[in-house]
Every structure is written in structure tokens, then in C-alpha cells.
file run-v9.csv (CSV, C-alpha atoms)
chain,number,residue,atom,x,y,z
A,111,MET,CA,-105.5,114.4,-44.9
A,112,SER,CA,-108.0,111.6,-44.9
A,113,GLU,CA,-107.8,111.0,-41.2
A,114,ILE,CA,-109.6,113.6,-39.2
A,115,MET,CA,-107.2,114.3,-36.5
A,116,THR,CA,-105.3,117.3,-35.2
A,117,VAL,CA,-101.6,117.2,-35.0
A,118,VAL,CA,-99.1,119.7,-33.8
A,119,GLY,CA,-95.9,118.7,-35.5
A,120,GLU,CA,-92.5,118.4,-34.1
A,121,ARG,CA,-91.3,121.7,-35.3
A,122,SER,CA,-94.4,123.7,-34.5
A,123,VAL,CA,-95.4,125.8,-31.6
A,124,VAL,CA,-98.9,126.8,-30.7
A,125,LYS,CA,-99.3,129.6,-28.2
A,126,GLY,CA,-102.7,130.5,-26.8
A,127,SER,CA,-105.8,128.5,-26.2
A,128,LEU,CA,-106.6,125.4,-28.2
A,129,GLN,CA,-110.0,123.8,-28.0
A,130,GLY,CA,-111.9,121.2,-30.0
A,131,ASP,CA,-114.0,118.1,-30.2
A,132,GLU,CA,-111.5,115.7,-31.6
A,133,ASP,CA,-108.3,114.0,-30.7
A,134,LEU,CA,-105.2,116.0,-30.6
A,135,THR,CA,-101.7,114.7,-30.9
A,136,VAL,CA,-98.8,116.8,-29.9
A,137,PHE,CA,-95.3,116.2,-31.3
A,138,GLY,CA,-94.3,119.8,-30.9
A,139,ARG,CA,-95.0,122.4,-28.4
A,140,VAL,CA,-98.2,123.9,-27.0
A,141,GLU,CA,-98.3,126.8,-24.5
A,142,GLY,CA,-101.4,128.2,-23.0
A,143,GLY,CA,-104.5,126.1,-22.6
A,144,ILE,CA,-105.9,122.9,-24.1
A,145,ASN,CA,-109.6,122.1,-23.9
A,146,LEU,CA,-110.8,119.0,-25.7
A,147,THR,CA,-113.8,116.7,-25.4
A,148,LYS,CA,-111.7,113.8,-26.7
A,149,THR,CA,-108.2,112.4,-26.2
A,150,LEU,CA,-105.0,114.4,-25.9
A,151,ILE,CA,-101.9,112.4,-26.8
A,152,ILE,CA,-98.6,113.9,-26.1
A,153,GLU,CA,-95.8,112.1,-27.9
A,154,PRO,CA,-92.3,111.7,-26.5
A,155,SER,CA,-91.2,114.7,-28.5
A,156,GLY,CA,-94.1,116.8,-27.3
A,157,ILE,CA,-93.9,119.6,-24.7
A,158,VAL,CA,-97.0,121.1,-23.3
A,159,LEU,CA,-96.9,124.1,-21.0
A,160,ALA,CA,-100.6,124.5,-20.4
A,161,ASP,CA,-103.6,123.8,-18.2
A,162,ILE,CA,-105.4,120.9,-19.8
A,163,GLU,CA,-109.0,120.0,-19.7
A,164,VAL,CA,-109.8,116.8,-21.7
A,165,ARG,CA,-111.6,113.6,-21.5
A,166,ASP,CA,-108.5,111.4,-21.7
A,167,ALA,CA,-104.8,112.4,-21.6
A,168,ILE,CA,-102.0,110.1,-22.5
A,169,VAL,CA,-98.6,111.7,-21.7
A,170,SER,CA,-95.4,110.3,-23.2
A,171,GLY,CA,-93.8,113.7,-23.4
A,172,VAL,CA,-93.5,116.6,-21.0
A,173,VAL,CA,-96.4,118.4,-19.4
A,174,VAL,CA,-96.0,121.3,-17.1
A,175,GLY,CA,-99.5,122.4,-15.9
A,176,ASN,CA,-102.6,121.0,-14.4
A,177,ILE,CA,-104.5,118.2,-16.0
A,178,LYS,CA,-108.2,117.8,-15.5
A,179,ALA,CA,-109.7,114.8,-17.2
A,180,SER,CA,-113.3,113.7,-17.1
A,181,ASN,CA,-112.1,110.1,-17.7
A,182,SER,CA,-108.5,109.2,-17.4
A,183,VAL,CA,-104.9,110.4,-17.3
A,184,GLN,CA,-102.1,108.1,-18.2
A,185,ILE,CA,-98.4,108.8,-17.8
A,186,THR,CA,-96.4,106.3,-19.8
A,187,GLU,CA,-92.9,105.3,-19.0
A,188,GLU,CA,-91.5,108.2,-21.1
A,189,GLY,CA,-93.9,110.7,-19.7
A,190,ARG,CA,-93.0,113.5,-17.3
A,191,VAL,CA,-95.6,115.6,-15.6
A,192,VAL,CA,-95.3,118.5,-13.2
A,193,GLY,CA,-98.7,119.7,-12.1
A,194,ASP,CA,-101.9,118.6,-10.4
A,195,ILE,CA,-104.0,115.9,-11.7
A,196,SER,CA,-107.8,115.7,-11.4
A,197,ALA,CA,-109.3,112.6,-12.9
A,198,PRO,CA,-111.3,109.6,-11.8
A,199,ARG,CA,-108.7,107.3,-13.3
A,200,PHE,CA,-105.0,108.0,-13.1
A,201,ILE,CA,-102.4,105.6,-14.4
A,202,ILE,CA,-98.7,105.9,-13.8
A,203,VAL,CA,-96.6,103.4,-15.5
A,204,ASP,CA,-93.2,102.2,-14.2
A,205,GLY,CA,-90.6,104.7,-15.4
A,206,ALA,CA,-92.9,107.7,-15.6
A,207,SER,CA,-92.1,110.7,-13.5
A,208,PHE,CA,-94.6,112.9,-11.9
A,209,LYS,CA,-94.7,115.7,-9.4
A,210,GLY,CA,-97.9,117.2,-8.1
A,211,ASN,CA,-101.2,116.5,-6.4
A,212,VAL,CA,-103.7,114.0,-7.4
A,213,ASP,CA,-107.4,114.2,-6.9
A,214,MET,CA,-109.4,111.2,-8.0
A,215,GLY,CA,-112.7,112.4,-6.7
A,216,GLY,CA,-114.7,111.1,-3.9
A,217,PHE,CA,-113.8,107.8,-2.5
A,218,GLU,CA,-117.3,106.7,-2.9
A,219,THR,CA,-117.1,106.7,-6.7
A,220,SER,CA,-116.2,103.6,-8.6
A,221,SER,CA,-114.6,100.8,-6.8
A,222,GLY,CA,-111.6,100.5,-9.0
A,223,GLU,CA,-109.8,103.7,-7.8
A,224,LEU,CA,-109.6,103.0,-4.2
A,225,PRO,CA,-106.9,100.5,-3.9
A,226,VAL,CA,-104.7,102.4,-6.2
A,227,ALA,CA,-104.8,105.8,-4.9
A,228,PRO,CA,-103.3,105.4,-1.5
A,229,PRO,CA,-100.4,103.2,-2.1
A,230,ARG,CA,-99.1,105.2,-5.0
A,231,PRO,CA,-97.7,108.3,-3.2
A,232,ALA,CA,-95.9,106.2,-0.6
A,233,SER,CA,-94.3,103.8,-3.0
A,234,ARG,CA,-93.2,106.5,-5.3
A,235,SER,CA,-91.6,108.8,-2.8
A,236,VAL,CA,-90.3,106.3,-0.3
A,237,ARG,CA,-89.5,102.9,-1.7
A,238,PRO,CA,-88.6,102.4,-5.3
A,239,ALA,CA,-88.6,98.7,-4.6
A,240,SER,CA,-92.3,98.7,-4.4
A,241,VAL,CA,-92.8,100.1,-7.8
A,242,GLY,CA,-93.5,96.6,-9.1
A,243,ALA,CA,-96.1,96.2,-6.4
A,244,ARG,CA,-97.7,99.3,-7.5
A,245,ALA,CA,-97.9,98.2,-11.0
A,246,ALA,CA,-99.3,94.9,-9.8
A,247,ALA,CA,-101.9,96.7,-7.9
A,248,GLN,CA,-102.9,98.6,-10.9
A,249,ALA,CA,-103.0,95.6,-13.1
A,250,ALA,CA,-105.3,94.0,-10.6
A,251,ARG,CA,-107.5,97.0,-10.4
A,252,PRO,CA,-110.0,96.2,-13.1
A,253,ALA,CA,-110.8,92.8,-11.6
A,254,PRO,CA,-113.1,93.6,-8.7
A,255,ALA,CA,-112.2,90.5,-6.7
A,256,LYS,CA,-108.7,91.3,-5.8
A,257,PRO,CA,-108.9,94.9,-4.8
A,258,GLU,CA,-112.0,94.4,-2.7
A,259,PRO,CA,-110.2,93.2,0.4
A,260,GLN,CA,-107.8,96.0,0.1
A,261,ARG,CA,-110.3,98.7,-0.2
A,262,PRO,CA,-111.8,98.7,3.2
A,263,GLU,CA,-108.5,99.4,4.9
A,264,ALA,CA,-107.1,101.8,2.4
A,265,ALA,CA,-110.2,103.9,2.3
A,266,ARG,CA,-111.6,103.9,5.7
A,267,PRO,CA,-109.0,104.0,8.5
A,268,ALA,CA,-106.5,106.3,6.8
A,269,PRO,CA,-107.4,107.2,3.2
A,270,ALA,CA,-104.5,109.6,3.0
A,271,LYS,CA,-101.8,107.4,4.3
A,272,ALA,CA,-100.6,104.4,2.4
A,273,GLU,CA,-98.5,102.9,5.1
A,274,PRO,CA,-101.2,101.5,7.3
A,275,ALA,CA,-103.0,100.2,4.3
A,276,LYS,CA,-100.1,98.1,3.3
A,277,ALA,CA,-99.4,96.8,6.7
A,278,GLU,CA,-102.9,95.9,7.5
A,279,PRO,CA,-103.2,92.7,5.5
A,280,ALA,CA,-100.5,91.2,7.7
A,281,ARG,CA,-102.2,92.3,10.9
A,282,PRO,CA,-105.2,90.0,11.4
A,283,GLU,CA,-104.0,86.5,11.6
A,284,PRO,CA,-101.1,86.7,14.1
A,285,ALA,CA,-102.7,89.2,16.5
A,286,ARG,CA,-106.2,88.1,16.7
A,287,PRO,CA,-107.2,84.6,16.2
A,288,GLU,CA,-110.8,85.4,16.9
A,289,LEU,CA,-110.8,87.9,14.1
A,290,ALA,CA,-109.8,85.2,11.7
A,291,LYS,CA,-112.8,83.3,12.7
A,292,ALA,CA,-115.2,86.1,12.0
A,293,PRO,CA,-114.3,86.7,8.4
A,294,SER,CA,-116.9,84.6,6.8
A,295,GLY,CA,-119.5,86.9,8.2
A,296,LYS,CA,-118.4,89.5,5.7
A,297,GLY,CA,-119.7,92.3,7.8
A,298,ALA,CA,-123.3,91.2,7.4
A,299,SER,CA,-123.5,89.5,10.8
A,300,ALA,CA,-120.0,89.9,12.1
A,301,LYS,CA,-120.2,93.0,14.1
A,302,PRO,CA,-117.5,92.0,16.7
A,303,ALA,CA,-114.7,92.8,14.3
A,304,PRO,CA,-116.1,94.0,11.1
A,305,ALA,CA,-113.0,95.8,10.0
A,306,LYS,CA,-111.0,92.7,9.8
A,307,PRO,CA,-113.1,89.9,8.3
A,308,ALA,CA,-112.6,90.5,4.7
A,309,PRO,CA,-108.8,90.9,4.9
A,310,ALA,CA,-108.4,87.8,7.0
A,311,LYS,CA,-109.3,85.6,4.0
A,312,PRO,CA,-107.2,87.2,1.4
A,313,ALA,CA,-104.2,87.4,3.7
A,314,PRO,CA,-102.6,84.2,2.5
A,315,ALA,CA,-103.0,85.4,-1.0
A,316,ARG,CA,-100.8,88.4,-0.3
A,317,PRO,CA,-97.8,87.1,1.5
A,318,GLN,CA,-95.8,90.0,0.1
A,319,ALA,CA,-97.1,92.3,2.7
A,320,PRO,CA,-95.1,90.9,5.6
A,321,ALA,CA,-92.0,90.5,3.4
A,322,ARG,CA,-92.0,94.1,2.4
A,323,PRO,CA,-89.5,96.3,4.1
A,324,GLY,CA,-92.0,98.8,5.4
A,325,GLY,CA,-94.1,96.0,6.9
A,326,SER,CA,-92.4,95.9,10.2
A,327,LYS,CA,-92.4,99.6,10.6
A,328,ALA,CA,-96.1,99.9,10.0
A,329,GLN,CA,-97.0,96.9,12.1
A,330,THR,CA,-97.2,99.0,15.2
A,331,PRO,CA,-100.1,101.2,14.1
A,332,SER,CA,-101.9,98.2,12.8
A,333,ALA,CA,-101.5,96.4,16.1
A,334,ARG,CA,-102.9,99.4,17.8
A,335,GLU,CA,-105.8,99.4,15.4
A,336,ALA,CA,-106.4,95.8,15.9
A,337,ARG,CA,-107.1,96.4,19.5
A,338,GLN,CA,-109.5,99.2,19.0
A,339,PRO,CA,-111.9,97.9,16.4
A,340,PRO,CA,-113.9,95.2,18.4
A,341,LYS,CA,-116.6,97.6,19.5
A,342,PRO,CA,-116.7,100.8,17.5
A,343,PRO,CA,-116.0,99.8,13.9
A,344,LYS,CA,-119.6,99.0,13.2
A,345,MET,CA,-119.9,102.0,11.1
A,346,PRO,CA,-117.2,101.2,8.6
A,347,ALA,CA,-118.7,97.8,8.2
A,348,GLY,CA,-121.9,99.3,7.1
A,349,LYS,CA,-120.3,101.6,4.7
A,350,ARG,CA,-118.3,98.9,3.2
A,351,LYS,CA,-121.2,96.8,2.7
A,352,VAL,CA,-123.0,99.5,0.8
A,353,GLN,CA,-120.0,100.1,-1.3
A,354,ARG,CA,-119.5,96.5,-2.2
A,355,ARG,CA,-123.0,95.8,-3.4
B,70,MET,CA,-96.5,112.7,-38.9
B,71,ALA,CA,-94.2,115.5,-38.8
B,72,ASN,CA,-96.5,118.1,-40.2
B,73,THR,CA,-99.1,120.1,-38.2
B,74,ILE,CA,-102.8,119.7,-38.9
B,75,ILE,CA,-105.5,121.6,-37.2
B,76,GLY,CA,-108.6,119.5,-37.4
B,77,SER,CA,-112.0,120.8,-38.4
B,78,SER,CA,-113.4,120.9,-34.8
B,79,ILE,CA,-110.4,122.7,-33.4
B,80,VAL,CA,-110.3,126.4,-32.4
B,81,ILE,CA,-107.0,128.0,-31.7
B,82,ASP,CA,-106.9,131.5,-30.3
B,83,GLY,CA,-103.3,132.6,-30.2
B,84,GLU,CA,-100.2,132.1,-32.1
B,85,ILE,CA,-98.8,129.3,-34.2
B,86,LEU,CA,-95.1,129.2,-35.0
B,87,GLY,CA,-93.4,126.5,-37.1
B,88,GLU,CA,-90.8,125.3,-39.4
B,89,GLU,CA,-93.0,122.8,-41.2
B,90,ASP,CA,-96.1,122.7,-43.2
B,91,LEU,CA,-99.4,123.6,-41.5
B,92,THR,CA,-102.8,122.5,-42.7
B,93,ILE,CA,-105.8,124.2,-41.2
B,94,GLN,CA,-109.2,122.6,-41.4
B,95,GLY,CA,-110.5,124.3,-38.3
B,96,THR,CA,-110.3,127.8,-36.9
B,97,VAL,CA,-107.3,129.8,-36.0
B,98,LYS,CA,-107.4,133.3,-34.7
B,99,GLY,CA,-104.3,135.4,-33.9
B,100,LYS,CA,-101.0,135.0,-35.8
B,101,ILE,CA,-99.3,132.4,-37.9
B,102,THR,CA,-95.6,132.4,-38.6
B,103,LEU,CA,-94.2,129.6,-40.7
B,104,LYS,CA,-91.1,128.9,-42.7
B,105,GLU,CA,-92.9,126.5,-45.0
B,106,ASN,CA,-96.3,126.1,-46.6
B,107,LEU,CA,-99.7,127.0,-45.1
B,108,TYR,CA,-102.8,125.3,-46.4
B,109,VAL,CA,-106.2,126.6,-45.5
B,110,GLU,CA,-108.6,123.9,-46.5
B,111,ASN,CA,-112.2,124.3,-47.4
B,112,SER,CA,-113.5,124.1,-43.9
B,113,GLY,CA,-110.7,126.2,-42.6
B,114,VAL,CA,-111.2,129.7,-41.1
B,115,VAL,CA,-108.3,131.9,-40.4
B,116,GLU,CA,-108.5,135.3,-38.8
B,117,ALA,CA,-104.8,136.1,-38.4
B,118,ASN,CA,-101.9,137.8,-39.8
B,119,ILE,CA,-99.8,135.3,-41.7
B,120,GLU,CA,-96.1,135.2,-42.5
B,121,THR,CA,-95.0,132.1,-44.4
B,122,GLN,CA,-93.3,130.9,-47.5
B,123,THR,CA,-96.4,129.9,-49.4
B,124,VAL,CA,-100.1,130.1,-48.7
B,125,THR,CA,-102.7,128.1,-50.4
B,126,ILE,CA,-106.3,129.2,-49.6
B,127,SER,CA,-109.3,127.0,-50.2
B,128,GLY,CA,-111.1,128.2,-47.2
B,129,GLN,CA,-111.6,131.6,-45.6
B,130,VAL,CA,-108.9,134.0,-44.6
B,131,THR,CA,-109.2,137.4,-42.9
B,132,GLY,CA,-106.0,139.2,-42.3
B,133,ASN,CA,-102.8,140.2,-43.9
B,134,ILE,CA,-100.5,137.8,-45.6
B,135,ALA,CA,-96.8,138.3,-46.2
B,136,ALA,CA,-95.4,135.4,-48.1
B,137,SER,CA,-91.8,135.0,-49.2
B,138,ASP,CA,-92.7,132.9,-52.2
B,139,LYS,CA,-96.3,132.6,-53.3
B,140,VAL,CA,-99.9,133.1,-52.3
B,141,GLU,CA,-102.6,131.1,-54.1
B,142,ILE,CA,-106.3,131.6,-53.7
B,143,LYS,CA,-108.2,128.6,-55.1
B,144,SER,CA,-111.5,128.8,-56.7
B,145,ASP,CA,-113.4,128.2,-53.5
B,146,GLY,CA,-111.1,130.4,-51.4
B,147,ARG,CA,-112.2,133.7,-49.9
B,148,MET,CA,-109.7,136.2,-48.7
B,149,VAL,CA,-110.1,139.6,-47.1
B,150,GLY,CA,-106.8,141.5,-46.4
B,151,ASP,CA,-103.6,142.7,-47.9
B,152,ILE,CA,-101.2,140.4,-49.7
B,153,LYS,CA,-97.6,140.9,-50.1
B,154,ALA,CA,-95.7,138.3,-52.1
B,155,PRO,CA,-93.6,138.0,-55.2
B,156,ARG,CA,-96.1,135.6,-56.8
B,157,ILE,CA,-99.8,135.7,-56.4
B,158,LEU,CA,-102.3,133.4,-58.1
B,159,ILE,CA,-106.0,134.0,-57.9
B,160,ALA,CA,-108.2,131.4,-59.5
B,161,ASP,CA,-111.4,131.9,-61.3
B,162,GLY,CA,-114.2,131.8,-58.8
B,163,ALA,CA,-112.1,133.0,-55.9
B,164,ILE,CA,-113.2,136.0,-53.8
B,165,PHE,CA,-110.7,138.5,-52.8
B,166,LYS,CA,-110.8,142.0,-51.2
B,167,GLY,CA,-107.7,143.9,-50.3
B,168,SER,CA,-104.5,145.2,-51.8
B,169,VAL,CA,-101.8,143.4,-53.5
B,170,ASP,CA,-98.1,144.1,-53.3
B,171,MET,CA,-95.8,142.1,-55.6
B,172,ASP,CA,-92.7,144.1,-54.8
B,173,ILE,CA,-92.3,145.4,-58.2
call {"tool": "encode", "arguments": {"input": "run-v9.csv", "output": "C-alpha cells"}}
result
Amino acid sequence: MSEIMTVVGERSVVKGSLQGDEDLTVFGRVEGGINLTKTLIIEPSGIVLADIEVRDAIVSGVVVGNIKASNSVQITEEGRVVGDISAPRFIIVDGASFKGNVDMGGFETSSGELPVAPPRPASRSVRPASVGARAAAQAARPAPAKPEPQRPEAARPAPAKAEPAKAEPARPEPARPELAKAPSGKGASAKPAPAKPAPAKPAPARPQAPARPGGSKAQTPSAREARQPPKPPKMPAGKRKVQRR
Amino acid sequence: MANTIIGSSIVIDGEILGEEDLTIQGTVKGKITLKENLYVENSGVVEANIETQTVTISGQVTGNIAASDKVEIKSDGRMVGDIKAPRILIADGAIFKGSVDMDI
């Protein structure tokens, strides 16, 4: 009783709307709606059939319904979610299952989200093998240094599709030696091929890209893109610069 | 951890069903059906019809109570509604308005 926390016990059912300004832990069942200004924790035994609006949600149980979080949604390895997610930060751990749409807000928000958003759908639906890669990407997210090279490609050329994003890192060095030279310009002066510079450097750091099964498949689009950029891509460079600073 | 606690800032509008103890520090409107004990704490506000085994009221309850065992209104409890239970305890200082049916 001393702890100020709301708990829905394992053998309890709440039907209707539930709102509050404190953490809520669900071991049992909630049907209807949940509206909190703090954290919702759904334990492995918990079942929530509700539209959820919270600051943070940590799902280890089952959720059927849409989740709108002002900060983060995390699905742990035991969690299962069917519904749409709207949150600036969305974390799916290896083993979790999820079906629905994800909206992480505008791509111009915080830098951390960008690298993560695009690869996820592809890796989940197409190749289980890359789950580890996904996790790695997530782990790397907080550190701004790593994701940075990834971001330009993922976000600009094809924000919705993950395939090109993955393949791109492999693209620069074999196809265009001149591009490899440009990199140090970092978009500040290197207008010839602004889209490439950044990636060229990190390329060696990510040898996994070529090794990946999808790499060869996606190479075609990337090669095509490699040809186009020289003149037009000035714009992306500008954007990228802004974002980075 | 098994039991259910509704914290003081929580408002539930609907129905709570359970087979375990329920402690209410917040607000519940609608209906409560339990097989165990219901505790309405000092800060708790319940506007609901209640069906449980026992009810202990230290807060405020508006609605009818049907308890299979016992209803207890503590000295700082306030209750408006009808009570149906084999055992009913009303402490000195408690406020109660309604009818009582002890199944005699």
C-alpha cells in the first residue's frame, strides 16, 4: 500500500475507460481505453484490448489496439501487439511480435529515429536472418556517430523502403571511385556527389552490407542511383547538413 | 503483486470484475463485481453498484452494495446507498444514508 502505483491484478478485469497521472501495471485484463500521463506496463500475463494513450508503454503481454505514446513504445521479447503505433521512439526487441502500422512522426525530428525506422519493416517481414542486424542498429541508435552515415540514405532517397537503404552502403566504393574521393567534403563543398560522401567513409565499417543476402538484389537500384546523383542531389545535401548540425 | 490497486490519480469509468482483492485509492464509476474483498481507502471515491464478499469503506461510496459476507464502514467512511449483507458494521464517526437489509 505504501507504493503509489496502480495495478490491475492477474484475476481482474477492467472494462471501460481508465485514465490517470501515474504508472499503471497490468497483470490482468483491461478492455476499453487507457489514458495515462505516465508509464503503462503490461506484464506477460496482461491482456489489453484498448486504445492506449500514454507517455511510455512497455508491452510484455498482449495488446490489441492502437498505441499512441508521447515518448516511447517498447515491445519486449514476450510482447505481442496488434495495432498501430504512434510514438517518436519505438523499440521492438528480438522475439517480440507485432502487426500494424508505425508512425514515428516527421523524419525531421530527432536524429535517433531515422536509421531505425526504415530497416525494421523489411527485416521483420522478409528476412528473419537480419533480426540481429536490426537489434544492432537499435543498439547503435543512441550513439549519434554510427547512425549518421546511414541516415541520409535511409531518409532521403526512399524513406519508405528499407531495401535501398541497406544496399547503399555497398554502392559507393566499387561503382564510383571519384565519389570515394569526395567524401571528406561532407557536403559542405562537395557538390559533385553529395549523396555519397558520408557513406563512403563508413563503408568499411559496415562490411555486413555486401554479405547480406538481400545485398545483391538491391544492388541494381543503388547502381542506378549512383549514376543519377552527380548533378541534382544538391538539395539532399543541404538538408542533410541542416539536420546534422 | 496479484491484487488490484487503483491508485489515487486514476479514474476508471466502466466496470471492474475480479476474483481477487481490490483496493481503490482513486475514482471508480460504474460497477464493481468481486469474489473477494473490496477496500475503499481514504482517498477513494466510488460511484458504483458493488457486488463482493466484503467491503471496507474508509473513503466515499455512492451506490448500492450487495455483499455475501460483510460491509464495514470505518469512522472516516461515507456511504450513500442501500446495503444488503449478513453482517454490517458501522463505526462511530461514519456517515451513512440508505437502507440496510441483513436478510433476517
call {"tool": "residues_around", "arguments": {"input": "run-v9.csv", "residues": "stretch 116-124 of chain B", "least_positions_apart": "2", "cutoff": "8 Å", "atoms": "only C-alpha atoms", "output": "PyMOL selection string"}}
result
chain B and resi 96-109+114+126+130-141
call {"tool": "write_last_selection", "arguments": {"input": "run-v9.csv", "atoms": "C-alpha atoms", "output": "mmCIF file, keeping the file's coordinate frame"}}
result
data_model
loop_
_atom_site.group_PDB
_atom_site.id
_atom_site.type_symbol
_atom_site.label_atom_id
_atom_site.label_comp_id
_atom_site.auth_asym_id
_atom_site.auth_seq_id
_atom_site.Cartn_x
_atom_site.Cartn_y
_atom_site.Cartn_z
ATOM 1 C CA THR B 96 -110.300 127.800 -36.900
ATOM 2 C CA VAL B 97 -107.300 129.800 -36.000
ATOM 3 C CA LYS B 98 -107.400 133.300 -34.700
ATOM 4 C CA GLY B 99 -104.300 135.400 -33.900
ATOM 5 C CA LYS B 100 -101.000 135.000 -35.800
ATOM 6 C CA ILE B 101 -99.300 132.400 -37.900
ATOM 7 C CA THR B 102 -95.600 132.400 -38.600
ATOM 8 C CA LEU B 103 -94.200 129.600 -40.700
ATOM 9 C CA LYS B 104 -91.100 128.900 -42.700
ATOM 10 C CA GLU B 105 -92.900 126.500 -45.000
ATOM 11 C CA ASN B 106 -96.300 126.100 -46.600
ATOM 12 C CA LEU B 107 -99.700 127.000 -45.100
ATOM 13 C CA TYR B 108 -102.800 125.300 -46.400
ATOM 14 C CA VAL B 109 -106.200 126.600 -45.500
ATOM 15 C CA VAL B 114 -111.200 129.700 -41.100
ATOM 16 C CA ILE B 126 -106.300 129.200 -49.600
ATOM 17 C CA VAL B 130 -108.900 134.000 -44.600
ATOM 18 C CA THR B 131 -109.200 137.400 -42.900
ATOM 19 C CA GLY B 132 -106.000 139.200 -42.300
ATOM 20 C CA ASN B 133 -102.800 140.200 -43.900
ATOM 21 C CA ILE B 134 -100.500 137.800 -45.600
ATOM 22 C CA ALA B 135 -96.800 138.300 -46.200
ATOM 23 C CA ALA B 136 -95.400 135.400 -48.100
ATOM 24 C CA SER B 137 -91.800 135.000 -49.200
ATOM 25 C CA ASP B 138 -92.700 132.900 -52.200
ATOM 26 C CA LYS B 139 -96.300 132.600 -53.300
ATOM 27 C CA VAL B 140 -99.900 133.100 -52.300
ATOM 28 C CA GLU B 141 -102.600 131.100 -54.100
#
call {"tool": "closest_residue", "arguments": {"input": "run-v9.csv", "among": "B:Ser78, B:Gln94, B:Ser168, B:Thr125", "to": "chain A", "atoms": "only C-alpha atoms"}}
result
B:Ser78
call {"tool": "atom_distance", "arguments": {"input": "run-v9.csv", "atom1": "atom CA of B:Ile75", "atom2": "atom CA of B:Leu91"}}
result
7.7 Å
call {"tool": "residues_around", "arguments": {"input": "run-v9.csv", "residues": "A:Ser122", "least_positions_apart": "2", "cutoff": "10 Å", "atoms": "all atoms listed in the file", "output": "ChimeraX atom specification"}}
result
/A:117-120,124-125,136-140,156 /B:71-73,85-91,102-103
call {"tool": "atom_distance", "arguments": {"input": "run-v9.csv", "atom1": "atom CA of B:Ile93", "atom2": "atom CA of A:Val123"}}
result
14.2 Å
call {"tool": "atom_distance", "arguments": {"input": "run-v9.csv", "atom1": "atom CA of B:Gly167", "atom2": "atom CA of B:Val149"}}
result
5.9 Å
call {"tool": "residues_around", "arguments": {"input": "run-v9.csv", "residues": "stretch 159-162 of chain B", "least_positions_apart": "4", "cutoff": "8 Å", "atoms": "all atoms listed in the file", "output": "PyMOL selection string"}}
result
chain B and resi 141-145
call {"tool": "closest_residue", "arguments": {"input": "run-v9.csv", "among": "B:Leu158, B:Val80, B:Ile173, B:Met148", "to": "chain A", "atoms": "all atoms listed in the file"}}
result
B:Val80
call {"tool": "closest_residue", "arguments": {"input": "run-v9.csv", "among": "B:Ile157, B:Ile74, B:Val169, B:Ala163", "to": "chain A", "atoms": "only C-alpha atoms"}}
result
B:Ile74
